[in-house]
Amino acid sequence: MTLGWLALARGDIDRMAERRRDEDWVAAAWAGSRVLVVDDKGRVPVRLTDRPELVYVPSRTAPKGERVLLGIDEDKIAYFAVCAPIPDGIPDAEPTGLRRIGALLADVESTLMTQAVAMAAWHGAHRFCPRCGAPTKAIAAGHVRVCTEDGGEQYPRLDPAVIMLVADADDRVLLARGVSWPERRASVLAGFIEPGESMEQAVAREVKEEVGLDVGEVTYMGSQPWPMPQSLMLGFSCRTDDVAKLKLDKAEIAEAYWYTRDELKAAALNRDVLLPGRVSIARQLIEHWYGADLPGSWGL
Ligand SMILES: [Zn+2]
């Protein structure tokens with residue numbers, strides 16, 4: 001069985017990729033669209049209630065900035081992102097990031113915000129051509145950047161990362177604290193895939209590097225975008241039969257411990273362990289292993 005609900009991989013929007021280079025269609029869509037303003041910290045205007053909602057501005061009052069067609073919803077309403085400082089004076093709106101509200105938004109709003117934040121980060125970091133250094137400009141409704149000198153096109157980039165739950169022969173889970181994390185925070189292991197490596201090879205290498213363990217079969221569990229700034233998290237579970245080899249890479253891992261289900265529940269209840277927030281695939285991997293929700297988190 002694989003992961004079910006993932007905070008940033010839910011919701012359905014028609015991205016209208018086939019219309020992105022149709023300038024007349026894009027202009028008409030813009031005229032009646034809802035615009036989500038994204039600032040350079042990946043924040044958008046949000047109405048913060050028990051059920052947070054994105055706050056859009058009409059396109060006629062949207063600030064200047066890169067425009068990105070996000071898609072159209074079931075009611076044929078078009079959504080764009082505009083990369084710009086969030087204007088003052090949007091009623092009841094507070095600039096808010098994905099970590100805080102990604103798990104709380106409605107399905108469609110979660111996917112709209114995830115795409116908007118990812119595209120804003122990409123535009124911000126790709127303003128110059130990687131071949132000749134000349135400025136680039138956005139085309140194709142904000143989904144391509146083209147070099148103003150040599151015409152070379154750039155497409156949005158993703159950094160694939162593996163994140164894996166390691167269990168032992170007794171089905172205990174290994175949770176670790178990164179060296180830069182506060183006390184008590186703990187999560188599963190993760191790392192970027194290197195060039196020339198498969199996902200499964202990256203899982204085995206990262207586990208070996210970080211905690212010294214050899215893992216057997218690696219099982220794919222699910223994925224979700226993590227645009228902070230441009231990762232795609234690929235979730236796995238794997239098993240090790242030789243816990244005696246545990247040896248931490250002290251440059252990366254401050255501490256790591258094995259937990260039975262009862263031990264982890266008690267530690268989470270007592271706040272001896274602070275688990276990652278529900279927006280993360282890490283949390284979903286841990287709760288999938290546990291078999292139910294767990295209390296508390298380090299996030300909001
Ligand atoms: Zn160029």
# chains A, B, ... in the order shown; residues from 1 in each chain; ligands from 1

call {"tool": "residues_around", "arguments": {"residues": "Glu252 (chain A)", "least_positions_apart": "4", "cutoff": "12 Å", "atoms": "only C-alpha atoms", "output": "list in words"}}
result
Ala176, Arg177, Gly178, Val179, Ser180, Trp181, Leu189, Ala190, Gly191, Glu206, Val207, Glu209, Glu210, Val211, Lys247, Leu248 and Ala256 of chain A

call {"tool": "residues_near_ligand", "arguments": {"ligand": "ligand 1", "cutoff": "6 Å", "atoms": "only C-alpha atoms and all ligand atoms", "output": "number ranges by chain"}}
result
A: 129, 131-134, 147, 149-150, 152

call {"tool": "write_last_selection", "arguments": {"atoms": "N, CA and C atoms", "output": "PDB file, in the first residue's frame"}}
result
ATOM      1  N   CYS A 129      20.557  33.906 -19.124  1.00  0.00           N
ATOM      2  CA  CYS A 129      20.788  32.712 -19.933  1.00  0.00           C
ATOM      3  C   CYS A 129      21.992  31.938 -19.386  1.00  0.00           C
ATOM      4  N   ARG A 131      23.836  29.900 -20.947  1.00  0.00           N
ATOM      5  CA  ARG A 131      24.866  29.729 -21.976  1.00  0.00           C
ATOM      6  C   ARG A 131      25.667  31.000 -22.202  1.00  0.00           C
ATOM      7  N   CYS A 132      24.976  32.161 -22.316  1.00  0.00           N
ATOM      8  CA  CYS A 132      25.703  33.375 -22.697  1.00  0.00           C
ATOM      9  C   CYS A 132      25.576  34.504 -21.677  1.00  0.00           C
ATOM     10  N   GLY A 133      24.719  34.350 -20.675  1.00  0.00           N
ATOM     11  CA  GLY A 133      24.614  35.364 -19.636  1.00  0.00           C
ATOM     12  C   GLY A 133      23.715  36.539 -19.958  1.00  0.00           C
ATOM     13  N   ALA A 134      23.129  36.555 -21.157  1.00  0.00           N
ATOM     14  CA  ALA A 134      22.213  37.653 -21.514  1.00  0.00           C
ATOM     15  C   ALA A 134      20.900  37.500 -20.730  1.00  0.00           C
ATOM     16  N   CYS A 147      16.203  33.278 -24.125  1.00  0.00           N
ATOM     17  CA  CYS A 147      17.351  34.189 -24.107  1.00  0.00           C
ATOM     18  C   CYS A 147      17.140  35.295 -25.133  1.00  0.00           C
ATOM     19  N   GLU A 149      19.370  37.037 -26.496  1.00  0.00           N
ATOM     20  CA  GLU A 149      20.475  37.083 -27.468  1.00  0.00           C
ATOM     21  C   GLU A 149      20.466  35.889 -28.416  1.00  0.00           C
ATOM     22  N   ASP A 150      20.419  34.691 -27.855  1.00  0.00           N
ATOM     23  CA  ASP A 150      20.569  33.507 -28.721  1.00  0.00           C
ATOM     24  C   ASP A 150      19.280  32.712 -28.901  1.00  0.00           C
ATOM     25  N   GLY A 152      17.792  30.744 -27.002  1.00  0.00           N
ATOM     26  CA  GLY A 152      17.715  29.468 -26.273  1.00  0.00           C
ATOM     27  C   GLY A 152      16.592  29.498 -25.244  1.00  0.00           C
TER      28      GLY A 152
END

call {"tool": "closest_residue", "arguments": {"among": "A:Pro182, A:Pro52, A:Gly11, A:Gly142", "to": "Val273 (chain A)", "atoms": "only C-alpha atoms"}}
result
A:Pro182

call {"tool": "closest_residue", "arguments": {"among": "A:Val243, A:Ile139, A:Ala116, A:Ala254", "to": "Val82 (chain A)", "atoms": "only C-alpha atoms"}}
result
A:Ala116

call {"tool": "select_by_dssp", "arguments": {"residues": "region 152-272 of chain A", "states": "alpha helix (DSSP H)", "output": "number ranges by chain"}}
result
A: 199-211, 261-269

call {"tool": "closest_atom_pairs", "arguments": {"of": "region 106-180 of chain A", "to": "region 59-77 of chain A", "cutoff": "9 Å", "atoms": "only C-alpha atoms", "output": "CSV"}}
result
residue,atom,partner,partner_atom,distance
A:Val108,CA,A:Asp73,CA,8.1
A:Leu112,CA,A:Leu70,CA,6.6
A:Gln115,CA,A:Leu70,CA,7.0
A:Ala116,CA,A:Leu70,CA,7.0
A:Met119,CA,A:Val68,CA,7.4
A:Ala120,CA,A:Glu66,CA,8.2
A:His123,CA,A:Glu66,CA,7.7
A:Ala138,CA,A:Glu66,CA,7.4
A:Ala140,CA,A:Val68,CA,8.7
A:Ala141,CA,A:Val68,CA,5.5
A:Gly142,CA,A:Val68,CA,4.3
A:His143,CA,A:Val68,CA,6.7

call {"tool": "residues_around", "arguments": {"residues": "region 227-239 of chain A", "least_positions_apart": "4", "cutoff": "8 Å", "atoms": "only C-alpha atoms", "output": "MDAnalysis selection string"}}
result
chainID A and resid 114 117:118 121:122 157:169 203 215:223 281:282 285

call {"tool": "write_last_selection", "arguments": {"atoms": "N, CA, C and O atoms", "output": "tab-separated table (two decimals), in the first residue's frame"}}
result
chain	number	residue	atom	x	y	z
A	114	THR	N	0.80	25.78	-4.75
A	114	THR	CA	2.06	25.04	-4.94
A	114	THR	C	2.69	25.38	-6.28
A	114	THR	O	3.89	25.66	-6.39
A	117	VAL	N	3.96	29.15	-6.24
A	117	VAL	CA	5.20	29.33	-5.48
A	117	VAL	C	6.39	28.75	-6.25
A	117	VAL	O	7.47	29.34	-6.31
A	118	ALA	N	6.18	27.58	-6.84
A	118	ALA	CA	7.26	26.95	-7.61
A	118	ALA	C	7.66	27.82	-8.81
A	118	ALA	O	8.85	28.02	-9.08
A	121	ALA	N	9.58	30.99	-7.80
A	121	ALA	CA	10.98	30.71	-7.45
A	121	ALA	C	11.81	30.50	-8.71
A	121	ALA	O	12.95	30.97	-8.81
A	122	TRP	N	11.23	29.79	-9.68
A	122	TRP	CA	11.96	29.54	-10.93
A	122	TRP	C	12.22	30.86	-11.68
A	122	TRP	O	13.36	31.12	-12.11
A	157	ARG	N	12.80	23.99	-13.78
A	157	ARG	CA	13.68	22.92	-13.31
A	157	ARG	C	13.15	22.35	-12.00
A	157	ARG	O	12.62	23.07	-11.16
A	158	LEU	N	13.37	21.06	-11.82
A	158	LEU	CA	13.05	20.40	-10.56
A	158	LEU	C	14.29	19.68	-10.05
A	158	LEU	O	15.08	19.17	-10.83
A	159	ASP	N	14.44	19.64	-8.75
A	159	ASP	CA	15.50	18.85	-8.12
A	159	ASP	C	14.86	17.64	-7.46
A	159	ASP	O	14.21	17.78	-6.41
A	160	PRO	N	14.98	16.46	-8.05
A	160	PRO	CA	14.39	15.28	-7.40
A	160	PRO	C	15.16	14.88	-6.16
A	160	PRO	O	16.39	14.84	-6.15
A	161	ALA	N	14.42	14.62	-5.10
A	161	ALA	CA	15.03	14.23	-3.82
A	161	ALA	C	14.33	12.97	-3.32
A	161	ALA	O	13.12	12.83	-3.47
A	162	VAL	N	15.09	12.07	-2.74
A	162	VAL	CA	14.49	10.88	-2.13
A	162	VAL	C	14.33	11.12	-0.63
A	162	VAL	O	15.15	11.79	-0.01
A	163	ILE	N	13.24	10.59	-0.11
A	163	ILE	CA	12.99	10.68	1.34
A	163	ILE	C	12.48	9.32	1.76
A	163	ILE	O	11.59	8.76	1.12
A	164	MET	N	13.11	8.72	2.77
A	164	MET	CA	12.84	7.31	3.00
A	164	MET	C	12.72	6.97	4.47
A	164	MET	O	13.49	7.43	5.30
A	165	LEU	N	11.71	6.16	4.73
A	165	LEU	CA	11.52	5.62	6.06
A	165	LEU	C	12.28	4.30	6.15
A	165	LEU	O	12.07	3.41	5.32
A	166	VAL	N	13.17	4.19	7.14
A	166	VAL	CA	13.95	2.96	7.34
A	166	VAL	C	13.38	2.25	8.56
A	166	VAL	O	13.27	2.85	9.64
A	167	ALA	N	13.01	0.99	8.36
A	167	ALA	CA	12.54	0.16	9.48
A	167	ALA	C	13.50	-1.02	9.64
A	167	ALA	O	14.20	-1.40	8.69
A	168	ASP	N	13.52	-1.60	10.85
A	168	ASP	CA	14.39	-2.76	11.07
A	168	ASP	C	13.56	-4.04	11.03
A	168	ASP	O	12.36	-4.00	10.73
A	169	ALA	N	14.20	-5.17	11.31
A	169	ALA	CA	13.51	-6.46	11.19
A	169	ALA	C	12.34	-6.58	12.16
A	169	ALA	O	11.41	-7.35	11.93
A	203	VAL	N	18.42	6.17	-2.67
A	203	VAL	CA	17.94	5.77	-1.35
A	203	VAL	C	19.03	4.98	-0.62
A	203	VAL	O	19.38	5.28	0.53
A	215	VAL	N	20.39	-1.18	3.16
A	215	VAL	CA	18.96	-1.45	3.07
A	215	VAL	C	18.69	-2.50	2.01
A	215	VAL	O	19.41	-2.58	1.01
A	216	GLY	N	17.64	-3.28	2.24
A	216	GLY	CA	17.23	-4.29	1.27
A	216	GLY	C	16.29	-3.67	0.26
A	216	GLY	O	16.55	-2.60	-0.27
A	217	GLU	N	15.18	-4.33	0.06
A	217	GLU	CA	14.24	-3.88	-0.96
A	217	GLU	C	13.73	-2.47	-0.64
A	217	GLU	O	13.40	-2.15	0.50
A	218	VAL	N	13.67	-1.65	-1.67
A	218	VAL	CA	13.22	-0.26	-1.55
A	218	VAL	C	11.85	-0.15	-2.22
A	218	VAL	O	11.70	-0.53	-3.37
A	219	THR	N	10.86	0.33	-1.47
A	219	THR	CA	9.49	0.39	-2.00
A	219	THR	C	9.06	1.84	-2.19
A	219	THR	O	9.12	2.65	-1.25
A	220	TYR	N	8.60	2.14	-3.40
A	220	TYR	CA	8.12	3.50	-3.70
A	220	TYR	C	6.78	3.73	-3.01
A	220	TYR	O	5.89	2.88	-3.07
A	221	MET	N	6.61	4.89	-2.37
A	221	MET	CA	5.41	5.15	-1.59
A	221	MET	C	4.56	6.31	-2.10
A	221	MET	O	3.40	6.45	-1.71
A	222	GLY	N	5.14	7.20	-2.89
A	222	GLY	CA	4.37	8.34	-3.38
A	222	GLY	C	5.28	9.56	-3.51
A	222	GLY	O	6.44	9.52	-3.10
A	223	SER	N	4.73	10.63	-4.08
A	223	SER	CA	5.57	11.83	-4.29
A	223	SER	C	4.75	13.09	-4.10
A	223	SER	O	3.52	13.07	-4.23
A	281	ILE	N	5.82	15.24	3.23
A	281	ILE	CA	5.68	13.81	2.93
A	281	ILE	C	6.33	12.99	4.04
A	281	ILE	O	5.93	11.85	4.30
A	282	ALA	N	7.30	13.58	4.75
A	282	ALA	CA	7.94	12.88	5.87
A	282	ALA	C	6.89	12.46	6.90
A	282	ALA	O	6.87	11.31	7.38
A	285	LEU	N	4.83	9.55	5.62
A	285	LEU	CA	5.56	8.28	5.68
A	285	LEU	C	5.55	7.72	7.10
A	285	LEU	O	5.35	6.52	7.31

call {"tool": "atom_distance", "arguments": {"atom1": "CA of Gly196 (chain A)", "atom2": "CA of Leu213 (chain A)"}}
result
21.9 Å

call {"tool": "atom_distance", "arguments": {"atom1": "CA of Leu174 (chain A)", "atom2": "CA of Trp258 (chain A)"}}
result
4.5 Å

call {"tool": "residues_around", "arguments": {"residues": "region 275-278 of chain A", "least_positions_apart": "2", "cutoff": "7 Å", "atoms": "only C-alpha atoms", "output": "list of chain:residue names"}}
result
A:Ala103, A:Arg185, A:Ala186, A:Ser187, A:Val273, A:Ser280, A:Ala282, A:Arg283, A:Gly296, A:Ser297, A:Trp298, A:Gly299, A:Leu300

call {"tool": "closest_residue", "arguments": {"among": "A:Val173, A:Ala204, A:Ile193, A:Leu105", "to": "Arg261 (chain A)", "atoms": "only C-alpha atoms"}}
result
A:Val173

call {"tool": "closest_residue", "arguments": {"among": "A:Ala28, A:Ala266, A:Ala292, A:Met113", "to": "Ile13 (chain A)", "atoms": "only C-alpha atoms"}}
result
A:Met113

call {"tool": "residues_around", "arguments": {"residues": "Glu53 (chain A)", "least_positions_apart": "2", "cutoff": "10 Å", "atoms": "only C-alpha atoms", "output": "ChimeraX atom specification"}}
result
/A:45-51,55-56,93,101,104-106,109-110

call {"tool": "closest_residue", "arguments": {"among": "A:Trp30, A:Trp289, A:Trp5, A:Trp25", "to": "Ala78 (chain A)", "atoms": "only C-alpha atoms"}}
result
A:Trp30

call {"tool": "closest_residue", "arguments": {"among": "A:Pro58, A:Gly97, A:Gly102, A:Gly212", "to": "Phe80 (chain A)", "atoms": "only C-alpha atoms"}}
result
A:Pro58

call {"tool": "atom_distance", "arguments": {"atom1": "CA of Gly4 (chain A)", "atom2": "CA of Trp226 (chain A)"}}
result
16.8 Å
